[in-house]
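*Asks:* Input start-v5.pdb, format and content: PDB, C-alpha atoms.
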ATOM      1  CA  PHE A   1      -7.775 -14.841   0.095
ATOM      2  CA  ALA A   2      -9.547 -13.489   3.123
ATOM      3  CA  PHE A   3      -7.995 -10.540   4.852
ATOM      4  CA  SER A   4      -8.614  -7.808   7.358
ATOM      5  CA  PHE A   5      -7.538  -4.206   7.122
ATOM      6  CA  SER A   6      -7.132  -1.047   9.062
ATOM      7  CA  THR A   7      -6.687   2.483   7.853
ATOM      8  CA  ARG A   8      -4.822   5.407   9.289
ATOM      9  CA  MET A   9      -6.554   8.655   8.444
ATOM     10  CA  SER A  10      -5.152  12.028   7.413
ATOM     11  CA  SER A  11      -6.662  14.986   5.557
ATOM     12  CA  SER A  12      -5.464  15.557   1.963
ATOM     13  CA  ALA A  13      -2.663  13.012   2.060
ATOM     14  CA  ALA A  14      -2.989   9.516   0.653
ATOM     15  CA  GLN A  15      -4.620   6.992   2.992
ATOM     16  CA  LEU A  16      -2.739   3.963   4.288
ATOM     17  CA  HIS A  17      -4.586   0.646   4.251
ATOM     18  CA  ILE A  18      -2.871  -2.186   6.116
ATOM     19  CA  LEU A  19      -4.124  -5.494   4.745
ATOM     20  CA  LYS A  20      -3.497  -8.593   6.798
ATOM     21  CA  LEU A  21      -3.548 -11.879   4.924
ATOM     22  CA  PRO A  22      -4.005 -15.008   7.054
ATOM     23  CA  GLU A  23      -0.832 -16.463   5.476
ATOM     24  CA  ASN A  24       1.690 -15.514   2.825
ATOM     25  CA  PRO A  25       0.450 -16.976  -0.469
ATOM     26  CA  PHE A  26       3.999 -16.717  -1.837
ATOM     27  CA  GLU A  27       5.875 -18.447   0.985
ATOM     28  CA  LYS A  28       7.098 -21.187  -1.355
ATOM     29  CA  TYR A  29       8.727 -18.544  -3.599
ATOM     30  CA  LYS A  30      10.779 -16.810  -0.884
ATOM     31  CA  GLU A  31      13.944 -18.627  -1.978
ATOM     32  CA  ASP A  32      13.675 -16.971  -5.425
ATOM     33  CA  GLU A  33      16.681 -14.619  -5.423
ATOM     34  CA  GLU A  34      15.095 -12.436  -8.113
ATOM     35  CA  TYR A  35      12.020 -11.759  -5.949
ATOM     36  CA  GLN A  36       9.755 -12.106  -8.988
ATOM     37  CA  TRP A  37       6.874 -13.136  -6.737
ATOM     38  CA  LEU A  38       6.790  -9.554  -5.449
ATOM     39  CA  ARG A  39       6.003  -8.353  -8.969
ATOM     40  CA  TYR A  40       2.827 -10.401  -9.428
ATOM     41  CA  ARG A  41      -0.272  -8.459 -10.408
ATOM     42  CA  TRP A  42      -2.651  -7.965  -7.489
ATOM     43  CA  TYR A  43      -6.309  -6.943  -7.643
ATOM     44  CA  LEU A  44      -8.438  -5.693  -4.781
ATOM     45  CA  VAL A  45     -12.201  -5.824  -4.447
ATOM     46  CA  ALA A  46     -13.230  -3.185  -1.908
ATOM     47  CA  GLU A  47     -16.513  -2.422  -0.205
ATOM     48  CA  GLU A  48     -18.140   0.844  -1.244
ATOM     49  CA  GLU A  49     -19.510   2.076   2.064
ATOM     50  CA  GLU A  50     -17.626   4.274   4.458
ATOM     51  CA  GLU A  51     -18.114   3.999   8.203
ATOM     52  CA  GLU A  52     -17.654   6.807  10.716
ATOM     53  CA  ASP A  53     -15.757   6.290  13.933
ATOM     54  CA  SER A  54     -18.089   6.155  16.956
ATOM     55  CA  ASP A  55     -16.445   9.155  18.625
ATOM     56  CA  ASN A  56     -16.123  11.066  15.314
ATOM     57  CA  ASN A  57     -12.409  11.598  15.873
ATOM     58  CA  THR A  58     -11.185  10.625  12.408
ATOM     59  CA  SER A  59      -7.795  12.352  12.624
ATOM     60  CA  SER A  60      -6.131   9.594  14.629
ATOM     61  CA  SER A  61      -8.625   6.746  14.629
ATOM     62  CA  THR A  62      -8.499   3.347  12.999
ATOM     63  CA  THR A  63     -11.685   2.707  11.034
ATOM     64  CA  LYS A  64     -12.976   1.384   7.723
ATOM     65  CA  LYS A  65     -12.443   3.837   4.901
ATOM     66  CA  LYS A  66     -13.308   3.766   1.255
ATOM     67  CA  ILE A  67     -10.413   2.821  -1.020
ATOM     68  CA  GLN A  68      -9.433   5.770  -3.209
ATOM     69  CA  PRO A  69      -7.227   6.012  -6.311
ATOM     70  CA  GLY A  70      -3.607   6.507  -5.297
ATOM     71  CA  ASP A  71      -4.030   5.181  -1.752
ATOM     72  CA  VAL A  72      -1.174   3.235  -0.174
ATOM     73  CA  VAL A  73      -1.761  -0.452   0.539
ATOM     74  CA  CYS A  74       0.594  -2.413   2.770
ATOM     75  CA  PHE A  75       0.780  -6.208   3.138
ATOM     76  CA  PRO A  76       3.138  -6.687   6.149
ATOM     77  CA  ILE A  77       3.330 -10.438   5.608
ATOM     78  CA  LEU A  78       5.162  -9.855   2.313
ATOM     79  CA  ASN A  79       8.221  -8.366   4.020
ATOM     80  CA  THR A  80      11.177 -10.745   3.861
ATOM     81  CA  GLY A  81      13.647  -8.437   5.589
ATOM     82  CA  ALA A  82      15.419  -7.515   2.343
ATOM     83  CA  GLY A  83      14.026  -3.980   2.430
ATOM     84  CA  GLU A  84      11.342  -1.780   3.929
ATOM     85  CA  PHE A  85       9.125  -1.440   0.840
ATOM     86  CA  GLU A  86       8.486  -5.030  -0.253
ATOM     87  CA  CYS A  87       4.959  -4.808   1.145
ATOM     88  CA  LEU A  88       4.091  -1.518  -0.628
ATOM     89  CA  ARG A  89       1.396  -1.236  -3.287
ATOM     90  CA  PHE A  90      -0.568   1.731  -4.646
ATOM     91  CA  VAL A  91      -4.228   1.670  -5.662
ATOM     92  CA  ASP A  92      -4.366   2.365  -9.408
ATOM     93  CA  THR A  93      -5.792   5.668 -10.594
ATOM     94  CA  LYS A  94      -8.768   4.046 -12.343
ATOM     95  CA  ARG A  95     -11.090   1.285 -11.219
ATOM     96  CA  ARG A  96     -11.529  -1.626 -13.625
ATOM     97  CA  PRO A  97     -14.957  -2.211 -15.239
ATOM     98  CA  ASP A  98     -15.394  -5.383 -13.130
ATOM     99  CA  GLY A  99     -15.156  -3.261  -9.951
ATOM    100  CA  LYS A 100     -11.659  -4.383  -8.961
ATOM    101  CA  TRP A 101      -8.751  -2.086  -8.266
ATOM    102  CA  LEU A 102      -5.344  -2.971  -9.692
ATOM    103  CA  LEU A 103      -2.665  -2.668  -7.017
ATOM    104  CA  LEU A 104       0.475  -1.168  -8.527
ATOM    105  CA  ASP A 105       3.855  -2.328  -7.291
ATOM    106  CA  GLY A 106       5.479   0.342  -5.165
ATOM    107  CA  SER A 107       8.449  -1.623  -3.905
ATOM    108  CA  GLY A 108      10.855   0.135  -6.277
ATOM    109  CA  ASP A 109      14.207  -1.470  -5.635
ATOM    110  CA  ILE A 110      12.808  -2.866  -2.350
ATOM    111  CA  GLU A 111      14.907  -0.483  -0.238
ATOM    112  CA  MET A 112      13.232   2.644  -1.627
ATOM    113  CA  PRO A 113       9.638   3.252  -2.701
ATOM    114  CA  GLY A 114       8.926   3.324  -6.410
ATOM    115  CA  PHE A 115       6.125   5.564  -7.645
ATOM    116  CA  PRO A 116       4.374   4.289 -10.781
ATOM    117  CA  GLN A 117       4.061   6.895 -13.541
ATOM    118  CA  SER A 118       0.253   6.953 -13.283
ATOM    119  CA  ILE A 119       0.548   7.881  -9.582
ATOM    120  CA  VAL A 120       3.055  10.656 -10.309
ATOM    121  CA  GLU A 121       0.745  12.036 -13.013
ATOM    122  CA  MET A 122      -2.300  11.807 -10.720
ATOM    123  CA  VAL A 123      -0.669  14.046  -8.085
ATOM    124  CA  GLY A 124       0.466  16.581 -10.697
ATOM    125  CA  GLY A 125       4.134  15.642 -11.005
ATOM    126  CA  LYS A 126       7.157  14.568  -8.994
ATOM    127  CA  GLN A 127       7.185  17.829  -7.050
ATOM    128  CA  ASN A 128       3.894  16.846  -5.334
ATOM    129  CA  VAL A 129       4.704  13.229  -4.457
ATOM    130  CA  ARG A 130       6.260  14.011  -1.076
ATOM    131  CA  ASP A 131       3.293  16.083   0.145
ATOM    132  CA  LYS A 132       0.818  13.404  -0.905
ATOM    133  CA  TYR A 133       2.671  10.303   0.355
ATOM    134  CA  LYS A 134       5.033  11.194   3.225
ATOM    135  CA  LYS A 135       2.458  10.628   6.002
ATOM    136  CA  ALA A 136       1.174   7.327   4.590
ATOM    137  CA  LEU A 137       4.682   5.970   4.019
ATOM    138  CA  ASP A 138       5.815   7.070   7.493
ATOM    139  CA  ASP A 139       2.780   5.294   8.979
ATOM    140  CA  MET A 140       3.545   2.195   6.899
ATOM    141  CA  LEU A 141       7.162   2.163   8.084
ATOM    142  CA  GLU A 142       6.052   2.676  11.686
ATOM    143  CA  HIS A 143       3.792  -0.359  11.384
ATOM    144  CA  CYS A 144       6.157  -2.606   9.399
ATOM    145  CA  SER A 145       9.714  -1.637  10.389
ATOM    146  CA  SER A 146      11.752   0.564  12.676
ATOM    147  CA  CYS A 147      12.644   3.126   9.968
ATOM    148  CA  THR A 148      11.181   6.496   9.039
ATOM    149  CA  MET A 149      11.174   8.354   5.733
ATOM    150  CA  GLU A 150      13.492  10.966   7.273
ATOM    151  CA  GLY A 151      15.885   8.265   8.370
ATOM    152  CA  ILE A 152      15.962   6.704   4.905
ATOM    153  CA  PHE A 153      16.098   9.900   2.855
ATOM    154  CA  GLY A 154      17.690  12.290   5.326
ATOM    155  CA  GLY A 155      14.882  14.777   5.810
TER     156      GLY A 155
END
Can I see the file as structure tokens?

*Replies:*
Amino acid sequence: FAFSFSTRMSSSAAQLHILKLPENPFEKYKEDEEYQWLRYRWYLVAEEEEEEDSDNNTSSSTTKKKIQPGDVVCFPILNTGAGEFECLRFVDTKRRPDGKWLLLDGSGDIEMPGFPQSIVEMVGGKQNVRDKYKKALDDMLEHCSSCTMEGIFGG
């Protein structure tokens, strides 16, 4: 599938990559009450170069950015309205030998994010997950719904 993406930048936190597919490849499965189509294995082939913003203001700009292990990937078209995290994936901690990144399911129970064990281990344990992912997940929610992490989790 062809897609476009944008990235919201922040310093040491995980990056958010919003990937826009031209159409939902799983539209015919939306009537599946088990939502198994959300659990399909996704792979991403990403360009290696990194481009700087023309005004060098990377703190709030939208620009191309190299995909990194643990980054947050959002596919807004996958949201059915059942929950805020259907579109959430994480870039796996290791790149495959063929150059592709495995995108790990982060939809949890769809209404809350689920952090794969490899992601938790990469950030040094559960106690570090919030610091690493709060900004990216807030940005994702801002783009894809009207919720915030504080609103969902109470602070």

*Asks:* Name the residues that the PyMOL selection byres ((chain A and resi 118) around 12) pulls out of this structure, and write them as a list of chain:residue names.

*Replies:*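 Selection result, ordered by chain and number: A:Pro69, A:Gly70, A:Phe90, A:Val91, A:Asp92, A:Thr93, A:Lys94, A:Leu102, A:Leu103, A:Leu104, A:Asp105, A:Gly106, A:Gly114, A:Phe115, A:Pro116, A:Gln117, A:Ile119, A:Val120, A:Glu121, A:Met122, A:Val123, A:Gly124, A:Gly125, A:Lys126, A:Val129.
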
*Asks:* One decimal, in Å: what's the spacing between atom CA of Val73 of chain A and atom CA of Asn128 of chain A?

*Replies:*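 Value for the atom CA of Val73 of chain A-atom CA of Asn128 of chain A distance: 19.1 Å.
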
*Asks:* Applied to the shown file, which residues does the PyMOL selection byres ((chain A and resi 13) around 10) return, written as a ChimeraX atom specification?

*Replies:* /A:9-12,14-16,70-71,129-136

*Asks:* Spell out the residues picked by the PyMOL selection byres ((chain A and resi 112) around 12) here, as a VMD selection string.

*Replies:* chain A and resid 82 to 88 106 to 111 113 to 115 137 141 147 to 149 151 to 153

*Asks:* Of the residues A:Arg96, A:Gln68, A:Gly81, A:Cys144, which is the one nearest to Leu19 of chain A, using all atoms listed in the file?

*Replies:* A:Cys144

*Asks:* So what do you get for atom CA of Asn79 of chain A versus atom CA of Glu150 of chain A, distance-wise?

*Replies:*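 We find that atom CA of Asn79 of chain A and atom CA of Glu150 of chain A lie 20.3 Å from each other.
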
*Asks:* From the set A:Lys66, A:Cys74, A:Val45, A:Ser146, which residue has the shortest atom-to-atom contact distance to Trp101 of chain A, counting only C-alpha atoms?

*Replies:*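 Closest to Trp101 of chain A, using only C-alpha atoms: A:Val45.
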
*Asks:* Could you jot down the atom CA of Glu142 of chain A to atom CA of Leu44 of chain A separation for me, Å, one decimal place?

*Replies:*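 So the two atoms, atom CA of Glu142 of chain A and atom CA of Leu44 of chain A, lie 23.5 Å apart.
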
*Asks:* Around all listed atoms of segment 117-121 of chain A, padded 3 Å per side, what centre and edge lengths does the axis-aligned box have in Å to one decimal, as JSON?

*Replies:*
{"center_x": 2.2, "center_y": 9.5, "center_z": -11.6, "size_x": 9.8, "size_y": 11.1, "size_z": 10.0}
